[in-house]
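Peer 1: Below you will find the structure I want to go over with you.
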2 protein chains.
Amino acid sequence: MSNINEVRKPEHQIDTLFYERWSPRAMTGEEISNETLNQLFEAARWAPSCFNEQPWNFLYAKKDSEDWGLFLKILVEVNQLWAKNASVLIACISKKTFTRNGKPNGTHSFDAGAAWQNLALQAYSLGWSAHGMAGVDYKKGKVDLKIPEDYQLEMMIAVGKQAEVSILPEDFKKKEWPPSGRKSINDFVQKGQWK
Amino acid sequence: MSNINEVRKPEHQIDTLFYERWSPRAMTGEEISNETLNQLFEAARWAPSCFNEQPWNFLYAKKDSEDWGLFLKILVEVNQLWAKNASVLIACISKKTFTRNGKPNGTHSFDAGAAWQNLALQAYSLGWSAHGMAGVDYKKGKVDLKIPEDYQLEMMIAVGKQAEVSILPEDFKKKEWPPSGRKSINDFVQKGQWK
């Protein structure tokens with residue numbers, strides 16, 4: 001496996017963590033401490049949000065804890081195959097209405113996405129990997145995790161220490177490296193109105 | 001004005017940028033270079049997304065450019081009062097369907113939120129401030145910016161160099177410092193199912 005800096009080359013100089021962070025599937029399954037987990041949530045905590053509403057919520061189950069099976073089974077099968085070796089599974093949830101006035105919060109998902117990115121970057125910074133998944137049975141997740149009506153399951157997160165590619169099932173080995181690239185800035189940035 | 005580290009105290013050790021970054025309203029209005037702007041978009045670029053769809057799009061207008069007034073007037077009036085001193089206004093937009101198959105993308109807002117957070121953190125890291133706003137006339141924004149049907153205006157971003165509080169209109173002075181705090185982790189994290 002080559003170095004991430006050989007395969008991801010930013011077009012403009014940025015802090016390295018933004019492109020060195022990626023989403024491996026090969027994870028060791030080793031135990032994650034409560035303190036590490038708290039550091040991830042602490043980073044999420046400081047994300048900005050509309051009216052400082054902080055609409056993000058997280059549920060988690062550490063590997064082999066009593067809730068582990070419940071969380072793992074919310075993932076689609078193809079994700080279960082590798083995420084079973086995560087150290088913790090986290091459900092990222094957002095509150096759809098403002099606590100301040102009960103009205104719909106138009107940025108509840110968007111703001112939860114900001115919190116998730118902080119969590120992912122902090123994980124990388126601590127030597128862990130956070131892999132987000134929308135490959136989730138959302139209906140099952142909402143029921144099994146007892147998520148209240150006013151809240152939305154956004155996605156699931158597998159956090160673990162990166163492992164050798166060889167531990168992955170055959171189909172995943174080819175997908176693991178190199179990590180995904182990105183569109184060029186010119187493909188998603190425009191000056192002035194949409195053209 | 002005291003130091004950010006005197007007013008924001010994380011409960012668990014995390015990288016400083018997550019809590020040192022905040023959203024000032026007092027901005028100098030000085031020019032932002034194309035290269036700095038590109039660095040912000042480059043950071044956004046590397047955010048993760050479902051199927052690596054990268055649903056985020058950005059439109060921008062630098063202060064006093066021909067599009068400046070158009071962008072400024074999309075903000076609600078109370079935001080125009082201070083954002084008129086930003087160096088650039090950016091519209092953050094997401095694509096609601098997958099390019100790969102045309103189906104609805106359930107995480108388009110969430111993923112755009114991750115990209116925005118990268119942009120905000122990179123701005124801080126470069127000595128700039130990025131202030132997100134949902135105080136936006138969304139209907140007007142969609143029309144005036146010619147945002148296509150399949151895309152959603154998520155929020156607007158004011159980027160500038162922090163200025164002295166004294167430049168702000170009276171009502172904003174009290175709001176500027178100290179920066180907003182956050183809920184405790186215990187208020188948004190639970191082990192296992194929702195309780």
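Following the order of the structure tokens, first chain is A, next is B, and so on, with residues numbered from 1 inside each chain and ligands from 1 in the order they appear.
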Using only C-alpha atoms and a cut-off of 6 Å, which residues of chain A sit close to chain B? Please list them as a PyMOL selection string.

Peer 2: chain A and resi 12+14+19+39+46+57-61+67+109-111+113-114+117+145-147+188-194

Peer 1: Would you please give, as JSON, numbers by chain, all residues of region 7-187 of chain A that DSSP assigns to strand (DSSP E) based on the backbone?

Peer 2: {"A": [56, 57, 58, 59, 60, 61, 62, 88, 89, 90, 91, 92, 93, 94, 95, 129, 130, 131, 132, 133, 151, 152, 153, 154, 155, 156, 157, 158, 159, 160]}

Peer 1: Could you dump the residues just selected with C-alpha atoms as a PDB file, in the first residue's frame?

Peer 2:
```
ATOM      1  CA  TRP A  56     -26.939  16.554  16.037  1.00  0.00           C
ATOM      2  CA  ASN A  57     -27.388  13.516  18.254  1.00  0.00           C
ATOM      3  CA  PHE A  58     -25.353  10.338  18.394  1.00  0.00           C
ATOM      4  CA  LEU A  59     -26.096   6.808  19.599  1.00  0.00           C
ATOM      5  CA  TYR A  60     -23.270   4.325  19.794  1.00  0.00           C
ATOM      6  CA  ALA A  61     -22.464   0.677  20.469  1.00  0.00           C
ATOM      7  CA  LYS A  62     -18.962  -0.603  21.004  1.00  0.00           C
ATOM      8  CA  VAL A  88     -17.661   1.198  17.505  1.00  0.00           C
ATOM      9  CA  LEU A  89     -20.744   1.895  15.412  1.00  0.00           C
ATOM     10  CA  ILE A  90     -22.339   5.299  15.733  1.00  0.00           C
ATOM     11  CA  ALA A  91     -25.760   6.446  14.547  1.00  0.00           C
ATOM     12  CA  CYS A  92     -25.773  10.093  13.511  1.00  0.00           C
ATOM     13  CA  ILE A  93     -29.200  11.631  14.092  1.00  0.00           C
ATOM     14  CA  SER A  94     -30.593  15.149  13.720  1.00  0.00           C
ATOM     15  CA  LYS A  95     -33.535  16.966  15.288  1.00  0.00           C
ATOM     16  CA  SER A 129     -10.595   5.960  10.884  1.00  0.00           C
ATOM     17  CA  ALA A 130     -14.224   7.019  10.605  1.00  0.00           C
ATOM     18  CA  HIS A 131     -16.183   5.604   7.689  1.00  0.00           C
ATOM     19  CA  GLY A 132     -19.625   7.081   7.029  1.00  0.00           C
ATOM     20  CA  MET A 133     -22.359   4.879   5.584  1.00  0.00           C
ATOM     21  CA  TYR A 151     -35.575  13.078  14.751  1.00  0.00           C
ATOM     22  CA  GLN A 152     -33.967  11.782  11.562  1.00  0.00           C
ATOM     23  CA  LEU A 153     -31.389   9.040  11.209  1.00  0.00           C
ATOM     24  CA  GLU A 154     -28.807  10.659   8.923  1.00  0.00           C
ATOM     25  CA  MET A 155     -26.234   7.889   8.514  1.00  0.00           C
ATOM     26  CA  MET A 156     -24.145   5.375  10.411  1.00  0.00           C
ATOM     27  CA  ILE A 157     -20.453   5.683  11.207  1.00  0.00           C
ATOM     28  CA  ALA A 158     -17.945   2.857  11.639  1.00  0.00           C
ATOM     29  CA  VAL A 159     -14.879   3.872  13.640  1.00  0.00           C
ATOM     30  CA  GLY A 160     -11.842   1.631  13.886  1.00  0.00           C
TER      31      GLY A 160
END
```

Peer 1: Give me, as a PyMOL selection string, the residues of region 18-130 of chain A that a backbone DSSP run labels helix (DSSP H, G or I).

Peer 2: chain A and resi 18-20+34-45+50-52+68-72+77-83+108-125

Peer 1: Take CA of Thr28 (chain B) and CA of Gln162 (chain B) and report the distance between them in Å, one decimal.

Peer 2: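 Straight-line distance from CA of Thr28 (chain B) to CA of Gln162 (chain B) works out to 6.2 Å.
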
Peer 1: How many Å lie between CA of Lys140 (chain A) and CA of Lys63 (chain A), rounded to one decimal?

Peer 2: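 Going from CA of Lys140 (chain A) over to CA of Lys63 (chain A) covers 19.7 Å.
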